[in-house]
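Shown here: start_34.csv, CSV, C-alpha atoms and all ligand atoms.
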```csv
chain,number,residue,atom,x,y,z
K,1,MET,CA,57.5,7.3,93.5
K,2,LYS,CA,57.0,4.4,91.1
K,3,GLN,CA,56.1,5.4,87.6
K,4,ARG,CA,52.5,4.7,87.0
K,5,HIS,CA,52.0,5.3,83.3
K,6,CYS,CA,54.1,2.6,81.6
K,7,GLY,CA,54.2,4.7,78.4
K,8,HIS,CA,50.4,4.7,78.4
K,9,GLU,CA,48.5,7.2,76.3
K,10,LEU,CA,45.8,8.0,78.9
K,11,VAL,CA,47.7,7.7,82.2
K,12,THR,CA,50.3,10.1,83.5
K,13,ASP,CA,51.8,10.4,87.0
K,14,ARG,CA,48.7,12.3,88.1
K,15,VAL,CA,46.1,9.9,89.4
K,16,LEU,CA,43.0,10.1,87.3
K,17,LEU,CA,39.5,10.1,88.7
K,18,MET,CA,36.7,8.4,86.8
K,19,GLY,CA,33.3,9.7,88.0
K,20,ILE,CA,30.4,7.2,88.0
K,21,VAL,CA,27.2,8.0,86.1
K,22,ASN,CA,24.6,5.3,86.3
K,23,VAL,CA,21.9,5.6,83.8
K,24,THR,CA,19.9,2.8,85.4
K,25,PRO,CA,16.6,2.8,87.4
K,26,ASP,CA,17.9,0.3,89.9
K,27,SER,CA,21.3,1.8,90.7
K,28,PHE,CA,22.6,0.6,94.1
K,29,SER,CA,23.9,3.8,95.5
K,30,ASP,CA,22.1,6.7,93.9
K,31,GLY,CA,18.5,5.3,94.2
K,32,GLY,CA,17.7,5.6,90.5
K,33,THR,CA,17.7,9.4,90.5
K,34,PHE,CA,19.6,9.4,87.2
K,35,ASP,CA,17.4,7.3,85.1
K,36,SER,CA,16.6,9.9,82.4
K,37,PRO,CA,19.1,11.4,79.9
K,38,GLY,CA,18.7,14.9,81.3
K,39,ALA,CA,19.5,13.9,84.9
K,40,ALA,CA,22.4,11.7,83.8
K,41,ILE,CA,23.8,14.6,81.7
K,42,ASP,CA,23.5,16.9,84.7
K,43,GLN,CA,25.3,14.4,87.0
K,44,ALA,CA,28.1,13.9,84.5
K,45,ARG,CA,28.5,17.7,84.1
K,46,LYS,CA,28.6,18.0,87.9
K,47,LEU,CA,31.3,15.3,88.2
K,48,ALA,CA,33.3,17.0,85.3
K,49,ASP,CA,33.0,20.4,87.1
K,50,GLU,CA,34.3,18.6,90.3
K,51,GLY,CA,37.4,17.7,88.3
K,52,ALA,CA,36.7,14.2,87.0
K,53,ASP,CA,39.1,13.2,84.3
K,54,ILE,CA,36.7,10.6,82.9
K,55,VAL,CA,33.0,10.2,83.3
K,56,ASP,CA,31.9,6.5,83.1
K,57,ILE,CA,28.5,6.1,81.5
K,58,GLY,CA,26.7,2.8,82.3
K,59,GLY,CA,23.2,1.7,81.3
K,60,GLU,CA,23.3,-1.8,82.7
K,61,SER,CA,23.7,-2.3,86.4
K,62,THR,CA,26.4,-5.0,87.1
K,63,ARG,CA,26.2,-4.8,90.9
K,64,PRO,CA,25.4,-8.1,92.7
K,65,GLY,CA,22.0,-9.5,91.9
K,66,ALA,CA,21.2,-7.0,89.0
K,67,GLU,CA,18.9,-8.1,86.2
K,68,LEU,CA,19.9,-8.2,82.5
K,69,VAL,CA,18.8,-5.4,80.2
K,70,SER,CA,18.2,-5.7,76.5
K,71,ILE,CA,20.5,-4.1,73.9
K,72,GLU,CA,17.7,-1.8,72.8
K,73,GLU,CA,17.1,-0.7,76.4
K,74,GLU,CA,20.8,-0.2,77.1
K,75,LEU,CA,21.3,1.8,73.9
K,76,SER,CA,18.3,4.0,74.7
K,77,ARG,CA,19.7,4.8,78.1
K,78,VAL,CA,23.4,5.6,77.2
K,79,ILE,CA,23.5,7.0,73.7
K,80,PRO,CA,21.5,10.2,74.3
K,81,VAL,CA,23.7,10.8,77.4
K,82,ILE,CA,26.9,10.4,75.4
K,83,LYS,CA,25.6,12.6,72.6
K,84,GLY,CA,24.6,15.2,75.1
K,85,LEU,CA,28.0,15.3,76.7
K,86,LYS,CA,30.2,15.1,73.7
K,87,GLY,CA,32.0,18.4,73.3
K,88,ALA,CA,30.2,19.8,76.3
K,89,ILE,CA,32.6,18.7,79.0
K,90,ASN,CA,36.4,18.5,79.5
K,91,ALA,CA,36.3,15.0,80.8
K,92,LYS,CA,36.8,12.0,78.6
K,93,ILE,CA,33.7,9.7,78.2
K,94,SER,CA,33.9,6.0,79.0
K,95,ILE,CA,31.2,3.5,78.1
K,96,ASP,CA,30.6,0.9,80.8
K,97,THR,CA,29.2,-2.0,78.9
K,98,ARG,CA,29.8,-5.7,78.0
K,99,LYS,CA,27.9,-5.6,74.8
K,100,ALA,CA,29.7,-5.1,71.4
K,101,ALA,CA,26.7,-3.3,69.8
K,102,VAL,CA,26.6,-0.8,72.7
K,103,MET,CA,30.4,-0.3,72.5
K,104,ARG,CA,30.1,0.4,68.7
K,105,ALA,CA,27.2,2.8,69.0
K,106,ALA,CA,28.8,4.6,72.0
K,107,ILE,CA,32.1,5.1,70.2
K,108,LYS,CA,30.2,6.5,67.2
K,109,ALA,CA,28.3,8.8,69.5
K,110,GLY,CA,31.6,10.1,71.0
K,111,ALA,CA,32.8,7.7,73.7
K,112,ASP,CA,36.5,7.8,74.2
K,113,ILE,CA,37.1,4.7,76.4
K,114,ILE,CA,35.7,1.2,76.6
K,115,ASN,CA,35.1,-0.1,80.1
K,116,ASP,CA,34.1,-3.8,80.1
K,117,VAL,CA,33.5,-5.7,83.3
K,118,THR,CA,34.0,-8.9,81.4
K,119,ALA,CA,37.4,-7.9,79.9
K,120,LEU,CA,35.8,-8.3,76.4
K,121,GLN,CA,34.6,-11.9,77.0
K,122,TYR,CA,30.9,-11.5,77.2
K,123,GLU,CA,30.5,-11.3,73.4
K,124,ALA,CA,32.9,-12.7,70.8
K,125,GLU,CA,32.6,-9.5,68.7
K,126,SER,CA,33.7,-7.2,71.4
K,127,LEU,CA,37.4,-7.9,70.8
K,128,GLN,CA,37.1,-6.7,67.2
K,129,VAL,CA,35.1,-3.7,68.1
K,130,ALA,CA,37.8,-2.7,70.5
K,131,ALA,CA,40.6,-3.5,68.0
K,132,ASN,CA,38.9,-1.4,65.3
K,133,SER,CA,38.6,1.6,67.6
K,134,ASN,CA,41.5,3.7,68.9
K,135,CYS,CA,40.0,3.7,72.4
K,136,PRO,CA,41.8,2.8,75.6
K,137,VAL,CA,40.2,-0.4,77.0
K,138,ILE,CA,39.6,-1.2,80.7
K,139,LEU,CA,39.9,-5.0,81.2
K,140,MET,CA,38.2,-5.9,84.5
K,141,HIS,CA,38.3,-9.3,86.2
K,142,GLY,CA,34.8,-10.7,86.9
K,143,LEU,CA,34.9,-14.4,87.4
K,144,MET,CA,33.6,-15.2,83.9
K,145,GLU,CA,35.1,-18.6,84.1
K,146,GLN,CA,32.4,-19.6,86.6
K,147,GLY,CA,29.6,-18.1,84.5
K,148,GLY,CA,30.2,-14.7,85.9
K,149,ASP,CA,26.9,-12.9,85.7
K,150,PRO,CA,25.8,-10.2,88.1
K,151,LYS,CA,22.8,-12.2,89.1
K,152,THR,CA,24.8,-15.2,90.3
K,153,MET,CA,28.4,-14.0,90.8
K,154,GLN,CA,28.2,-13.6,94.5
K,155,ASP,CA,26.5,-17.0,95.1
K,156,ASN,CA,29.7,-18.9,96.0
K,157,PRO,CA,32.9,-17.3,94.7
K,158,LEU,CA,35.8,-19.6,95.3
K,159,TYR,CA,39.5,-19.1,94.8
K,160,ASP,CA,42.6,-21.0,96.0
K,161,ASP,CA,44.6,-17.8,95.8
K,162,VAL,CA,42.5,-14.8,94.7
K,163,VAL,CA,45.4,-12.5,93.9
K,164,SER,CA,47.3,-15.0,91.7
K,165,GLU,CA,44.1,-16.1,90.0
K,166,VAL,CA,43.0,-12.5,89.2
K,167,ALA,CA,46.6,-11.7,88.0
K,168,ASN,CA,46.8,-14.8,85.8
K,169,SER,CA,43.3,-14.2,84.4
K,170,LEU,CA,44.0,-10.6,83.5
K,171,GLY,CA,47.4,-11.5,82.1
K,172,LYS,CA,45.7,-14.0,79.7
K,173,ARG,CA,43.1,-11.3,78.6
K,174,VAL,CA,46.0,-8.9,78.0
K,175,ALA,CA,47.6,-11.5,75.7
K,176,VAL,CA,44.4,-12.2,73.9
K,177,CYS,CA,43.8,-8.5,73.3
K,178,GLU,CA,47.3,-7.9,72.0
K,179,GLN,CA,46.8,-10.8,69.6
K,180,ALA,CA,43.6,-9.3,68.4
K,181,GLY,CA,45.4,-6.1,67.5
K,182,ILE,CA,44.8,-4.0,70.6
K,183,ALA,CA,48.1,-2.2,71.4
K,184,ARG,CA,49.3,-2.7,74.9
K,185,THR,CA,49.5,1.0,75.3
K,186,ARG,CA,45.7,1.1,75.1
K,187,LEU,CA,45.1,-1.4,77.9
K,188,ILE,CA,44.2,-0.8,81.6
K,189,ILE,CA,43.6,-3.6,84.1
K,190,ASP,CA,41.2,-3.7,87.0
K,191,PRO,CA,40.8,-6.3,89.7
K,192,GLY,CA,37.0,-6.0,89.7
K,193,ILE,CA,36.4,-5.3,93.4
K,194,GLY,CA,33.0,-6.9,94.4
K,195,PHE,CA,32.6,-9.0,91.2
K,196,GLY,CA,32.4,-12.6,92.2
K,197,LYS,CA,34.4,-11.9,95.4
K,198,THR,CA,33.7,-12.1,99.1
K,199,ALA,CA,34.7,-9.2,101.4
K,200,ASP,CA,37.8,-11.2,102.3
K,201,HIS,CA,38.7,-11.6,98.6
K,202,ASN,CA,38.3,-7.9,98.1
K,203,ILE,CA,40.5,-7.1,101.0
K,204,GLU,CA,43.1,-9.6,99.9
K,205,LEU,CA,43.1,-8.0,96.4
K,206,MET,CA,43.3,-4.4,97.7
K,207,ALA,CA,46.2,-5.5,100.0
K,208,HIS,CA,48.2,-7.0,97.1
K,209,LEU,CA,47.6,-4.6,94.2
K,210,ASP,CA,51.4,-4.5,93.8
K,211,ARG,CA,51.1,-8.1,92.4
K,212,LEU,CA,48.7,-6.8,89.6
K,213,ARG,CA,51.1,-3.9,88.9
K,214,GLU,CA,53.7,-6.6,87.9
K,215,LEU,CA,51.7,-7.0,84.7
K,216,GLY,CA,53.2,-3.6,83.7
K,217,LEU,CA,49.9,-1.9,82.9
K,218,PRO,CA,48.0,1.0,84.5
K,219,LEU,CA,45.7,-0.2,87.2
K,220,LEU,CA,42.2,1.1,87.8
K,221,VAL,CA,40.4,0.4,91.1
K,222,GLY,CA,36.7,0.7,91.8
K,223,ALA,CA,35.9,0.3,95.5
K,224,SER,CA,33.6,3.3,95.9
K,225,ARG,CA,30.6,2.6,98.2
K,226,LYS,CA,30.9,-1.1,97.7
K,227,GLY,CA,29.8,-3.8,100.1
K,228,PHE,CA,33.2,-4.5,101.7
K,229,ILE,CA,33.5,-0.7,102.5
K,230,GLY,CA,30.2,-1.0,104.3
K,231,LEU,CA,31.4,-4.0,106.2
K,232,LEU,CA,34.8,-2.6,107.2
K,233,GLY,CA,33.3,0.8,107.9
K,234,GLU,CA,30.2,-0.5,109.6
K,235,GLU,CA,27.9,1.5,107.4
K,236,GLY,CA,24.9,-0.2,105.9
K,237,ASP,CA,23.8,2.8,103.8
K,238,ALA,CA,25.8,3.0,100.6
K,239,LEU,CA,25.2,6.7,100.3
K,240,LYS,CA,27.1,7.3,103.6
K,241,ARG,CA,30.3,5.4,102.5
K,242,ALA,CA,32.3,8.3,101.2
K,243,PRO,CA,34.8,8.3,104.1
K,244,GLY,CA,35.5,4.6,103.8
K,245,SER,CA,35.6,4.9,100.0
K,246,ILE,CA,38.2,7.7,100.2
K,247,ALA,CA,40.4,5.6,102.6
K,248,ALA,CA,40.3,2.8,100.1
K,249,ALA,CA,41.1,5.2,97.3
K,250,LEU,CA,44.2,6.6,99.0
K,251,PHE,CA,45.3,3.1,99.9
K,252,ALA,CA,44.9,2.0,96.3
K,253,VAL,CA,47.0,4.9,95.1
K,254,SER,CA,49.7,4.1,97.7
K,255,GLN,CA,49.8,0.6,96.1
K,256,GLY,CA,50.2,1.9,92.6
K,257,ALA,CA,46.7,2.5,91.2
K,258,SER,CA,46.5,5.1,88.4
K,259,ILE,CA,42.8,5.5,88.0
K,260,LEU,CA,40.1,5.5,90.6
K,261,ARG,CA,36.4,4.9,89.7
K,262,VAL,CA,34.5,6.9,92.3
K,263,HIS,CA,31.1,8.5,93.1
K,264,ASP,CA,32.6,11.4,95.2
K,265,VAL,CA,34.9,13.1,92.8
K,266,ALA,CA,35.5,16.4,94.6
K,267,LYS,CA,36.0,14.7,98.0
K,268,THR,CA,38.4,12.2,96.6
K,269,ARG,CA,40.4,14.8,94.8
K,270,GLN,CA,40.7,16.9,98.0
K,271,ALA,CA,41.9,13.9,99.9
K,272,LEU,CA,44.4,13.0,97.1
K,273,ASN,CA,45.8,16.5,97.0
K,274,VAL,CA,46.4,16.6,100.7
K,275,TRP,CA,47.9,13.1,100.8
K,276,ARG,CA,50.1,13.7,97.8
K,277,ALA,CA,51.5,17.0,99.2
K,278,LEU,CA,52.4,15.4,102.4
K,279,GLU,CA,54.0,12.4,100.7
K,280,ALA,CA,56.0,14.8,98.5
K,281,ALA,CA,57.2,16.8,101.6
K,282,LYS,CA,58.3,13.5,103.2
K,283,MET,CA,60.3,12.6,100.1
K,284,LYS,CA,62.2,15.9,100.1
K,285,SER,CA,63.2,15.8,103.8
K,301,LIG,C1,34.6,-1.5,88.7
K,301,LIG,C2,33.2,-1.4,88.4
K,301,LIG,C3,32.8,-1.1,87.0
K,301,LIG,N1,32.2,-1.5,89.3
K,301,LIG,C4,35.1,-1.1,86.4
K,301,LIG,N2,33.8,-0.9,86.1
K,301,LIG,C5,30.9,-1.4,89.0
K,301,LIG,N3,36.1,-0.9,85.5
K,301,LIG,C6,30.5,-1.1,87.6
K,301,LIG,C7,29.1,-4.2,96.0
K,301,LIG,O1,29.8,-5.1,96.5
K,301,LIG,O2,35.0,-1.8,89.9
K,301,LIG,N4,35.5,-1.4,87.7
K,301,LIG,N5,31.5,-0.9,86.7
K,301,LIG,C8,29.8,-1.5,90.0
K,301,LIG,N6,29.7,-2.9,90.5
K,301,LIG,C9,29.5,-3.2,91.8
K,301,LIG,C10,30.1,-4.4,92.4
K,301,LIG,C11,28.8,-2.4,92.7
K,301,LIG,C12,29.9,-4.7,93.7
K,301,LIG,C13,28.7,-2.7,94.0
K,301,LIG,C14,29.2,-3.9,94.6
K,301,LIG,O3,28.4,-3.5,96.7
```
Encoding of this model in structure tokens:
Amino acid sequence: MKQRHCGHELVTDRVLLMGIVNVTPDSFSDGGTFDSPGAAIDQARKLADEGADIVDIGGESTRPGAELVSIEEELSRVIPVIKGLKGAINAKISIDTRKAAVMRAAIKAGADIINDVTALQYEAESLQVAANSNCPVILMHGLMEQGGDPKTMQDNPLYDDVVSEVANSLGKRVAVCEQAGIARTRLIIDPGIGFGKTADHNIELMAHLDRLRELGLPLLVGASRKGFIGLLGEEGDALKRAPGSIAAALFAVSQGASILRVHDVAKTRQALNVWRALEAAKMKS
């Protein structure tokens, strides 16, 4: 088995599960059930009890077509949740935001990890906020070059070679981060499945995750319940996409992914345990 951790502080040879906690009224896959701090805290606790290594707290939906939210609104959604979870769960807390002020406040409230779907490009200040913290940072590819905003990112995503372009773009962001004083051992890369990508682009990226692994950093993959799973699995209802999501998760791990961002933590862990045991038995014989 290839080493996944690259000397990284967060990642070991055990695949980490990041459980998704949307603190948004318009969330695509949980119907806005978690739009109050209490409900989001309960959901995060449930995911931690299911064995999530990380809970990812997001107050701004970045799914295709989503509307912008103000800093004040985003802060009022996520900060009470982070404060309510700090010290109350075993899982680490990541803040899913592209706003520097939200990162700063979240870290102060107890967030352990920065997860930015714009790879710290949405606001100039974000690089410094990340550099001044000690947090691991997830750098996701999201087609910022073509004005990547959730509202328009799916309008007409174009690539000559999606795998090379995502790898090059992430490689550049890694270099910028290192120059800004963010140690390489804090960086995690993510192809950004569904962000400015057609289903074919997503499939191409999933099939060539090994090319992203060449950057020598831990790889996070978030495919859970997304549109391309619905397409391949022929399931229009995002809430019914756990089986397809788990298939994608296992495939991603077989291609070297270290962290999986998922809705269904217990189900994914069960699948991973069975798959890993069988793989280990195969290696021995
Ligand atoms: C992700 C991710 C994320 N995804 C990271 N953070 C979302 N690091 C939010 C669809 O096609 O993959 N990595 N934060 C959710 N975004 C989407 C995108 C949800 C596309 C749904 C789709 O259905």
Under the rule of at most 9 Å, produce a per-residue listing of region 165-228 of chain K near region 261-280 of chain K: chain, number, name, the closest pair of atoms, and the distance in Å, as JSON lines, using only C-alpha atoms.
```
{"residue": "K:Leu220", "atom": "CA", "partner": "K:Arg261", "partner_atom": "CA", "distance": 7.2}
{"residue": "K:Val221", "atom": "CA", "partner": "K:Arg261", "partner_atom": "CA", "distance": 6.2}
{"residue": "K:Gly222", "atom": "CA", "partner": "K:Arg261", "partner_atom": "CA", "distance": 4.7}
{"residue": "K:Ala223", "atom": "CA", "partner": "K:Arg261", "partner_atom": "CA", "distance": 7.4}
{"residue": "K:Ser224", "atom": "CA", "partner": "K:Val262", "partner_atom": "CA", "distance": 5.2}
{"residue": "K:Arg225", "atom": "CA", "partner": "K:His263", "partner_atom": "CA", "distance": 7.8}
```
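Picture a line from atom C13 of ligand LIG 301 (chain K) to CA of Glu60 (chain K); it runs 12.6 Å.
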(request) Excluding Lys172 (chain K) and any residue of its chain fewer than 4 positions from it, enumerate the residues within 12 Å of it, using only C-alpha atoms, and give them as an NGL selection string. (result) :K and (119-121 or 139 or 141 or 165-168 or 176-179 or 189 or 215)
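CA of Ile113 (chain K) is found 18.9 Å from atom C9 of ligand LIG 301 (chain K).
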For Arg77 (chain K): contacts at 9 Å, all atoms listed in the file, fewer than 6 positions along chain excluded, given as an mmCIF file with C-alpha atoms, in the coordinates of the input:
```
data_model
loop_
_atom_site.group_PDB
_atom_site.id
_atom_site.type_symbol
_atom_site.label_atom_id
_atom_site.label_comp_id
_atom_site.auth_asym_id
_atom_site.auth_seq_id
_atom_site.Cartn_x
_atom_site.Cartn_y
_atom_site.Cartn_z
ATOM 1 C CA VAL K 23 21.900 5.600 83.800
ATOM 2 C CA THR K 24 19.900 2.800 85.400
ATOM 3 C CA ASP K 35 17.400 7.300 85.100
ATOM 4 C CA SER K 36 16.600 9.900 82.400
ATOM 5 C CA PRO K 37 19.100 11.400 79.900
ATOM 6 C CA GLY K 58 26.700 2.800 82.300
ATOM 7 C CA GLY K 59 23.200 1.700 81.300
ATOM 8 C CA GLU K 60 23.300 -1.800 82.700
#
```
(request) To one decimal in Å, tell me the separation between CA of Ile82 (chain K) and CA of Val55 (chain K). (result) 10.0 Å
(request) Using all atoms listed in the file, find the one residue out of K:His208, K:Lys226, K:Lys46, K:His201 that sits nearest to ligand LIG 301 (chain K). (result) K:Lys226
At a cut-off of 12 Å, can you tabulate as CSV every residue of region 116-208 of chain K near region 251-260 of chain K together with its closest atom pair and the distance in Å to one decimal, using only C-alpha atoms and ordering rows by chain then number?
```
residue,atom,partner,partner_atom,distance
K:Ile138,CA,K:Ile259,CA,10.4
K:Ile188,CA,K:Ile259,CA,9.1
K:Ile189,CA,K:Ala257,CA,9.9
K:Asp190,CA,K:Ala257,CA,9.3
K:Pro191,CA,K:Ala257,CA,10.7
K:Gly192,CA,K:Leu260,CA,11.9
K:Ile193,CA,K:Ala252,CA,11.6
K:Ile203,CA,K:Ala252,CA,11.1
K:Leu205,CA,K:Ala252,CA,10.2
K:Met206,CA,K:Ala252,CA,6.7
K:Ala207,CA,K:Gln255,CA,8.1
K:His208,CA,K:Gln255,CA,7.8
```
Please put the answer as lines of an AutoDock Vina configuration file: centre and edge lengths, in Å with one decimal, of a box along x, y and z that encloses all listed atoms of region 228-246 of chain K plus 5 Å on each side.
```
center_x = 31.0
center_y = 1.9
center_z = 104.8
size_x = 24.4
size_y = 22.8
size_z = 19.6
```
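With distances restricted to all atoms listed in the file, K:Thr62 is the closest residue to Gly194 (chain K) from K:Thr62, K:Asn134, K:Asn115, K:Ser285.
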Within 10 Å of (30.4, 19.4, 78.9), only C-alpha atoms: residues as a PDB file with C-alpha atoms, keeping the file's coordinate frame?
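selection.pdb written:
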```
ATOM      1  CA  ILE K  41      23.800  14.600  81.700  1.00  0.00           C
ATOM      2  CA  ASP K  42      23.500  16.900  84.700  1.00  0.00           C
ATOM      3  CA  ALA K  44      28.100  13.900  84.500  1.00  0.00           C
ATOM      4  CA  ARG K  45      28.500  17.700  84.100  1.00  0.00           C
ATOM      5  CA  LYS K  46      28.600  18.000  87.900  1.00  0.00           C
ATOM      6  CA  ALA K  48      33.300  17.000  85.300  1.00  0.00           C
ATOM      7  CA  ASP K  49      33.000  20.400  87.100  1.00  0.00           C
ATOM      8  CA  GLY K  84      24.600  15.200  75.100  1.00  0.00           C
ATOM      9  CA  LEU K  85      28.000  15.300  76.700  1.00  0.00           C
ATOM     10  CA  LYS K  86      30.200  15.100  73.700  1.00  0.00           C
ATOM     11  CA  GLY K  87      32.000  18.400  73.300  1.00  0.00           C
ATOM     12  CA  ALA K  88      30.200  19.800  76.300  1.00  0.00           C
ATOM     13  CA  ILE K  89      32.600  18.700  79.000  1.00  0.00           C
ATOM     14  CA  ASN K  90      36.400  18.500  79.500  1.00  0.00           C
ATOM     15  CA  ALA K  91      36.300  15.000  80.800  1.00  0.00           C
ATOM     16  CA  LYS K  92      36.800  12.000  78.600  1.00  0.00           C
TER      17      LYS K  92
END
```
(request) Skip Gln43 (chain K) itself and residues of its chain fewer than 3 positions away, then list as a ChimeraX atom specification all residues within 9 Å of it, counting only C-alpha atoms. (result) /K:20-21,34,38-40,46-48
Output C-alpha atoms of each residue in that selection to a file, as a CSV table (one decimal), in the frame of the given file.
```
chain,number,residue,atom,x,y,z
K,20,ILE,CA,30.4,7.2,88.0
K,21,VAL,CA,27.2,8.0,86.1
K,34,PHE,CA,19.6,9.4,87.2
K,38,GLY,CA,18.7,14.9,81.3
K,39,ALA,CA,19.5,13.9,84.9
K,40,ALA,CA,22.4,11.7,83.8
K,46,LYS,CA,28.6,18.0,87.9
K,47,LEU,CA,31.3,15.3,88.2
K,48,ALA,CA,33.3,17.0,85.3
```
(request) Have a look at K:Asp161, K:Glu214, K:Asp155, K:Glu234 and name the one nearest to Gly65 (chain K); count all atoms listed in the file. (result) K:Asp155
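Take the candidates K:Gln154, K:Cys135, K:Ser164, K:Ser61 and check each one against Val117 (chain K) using only C-alpha atoms; the shortest distance goes to K:Ser61.
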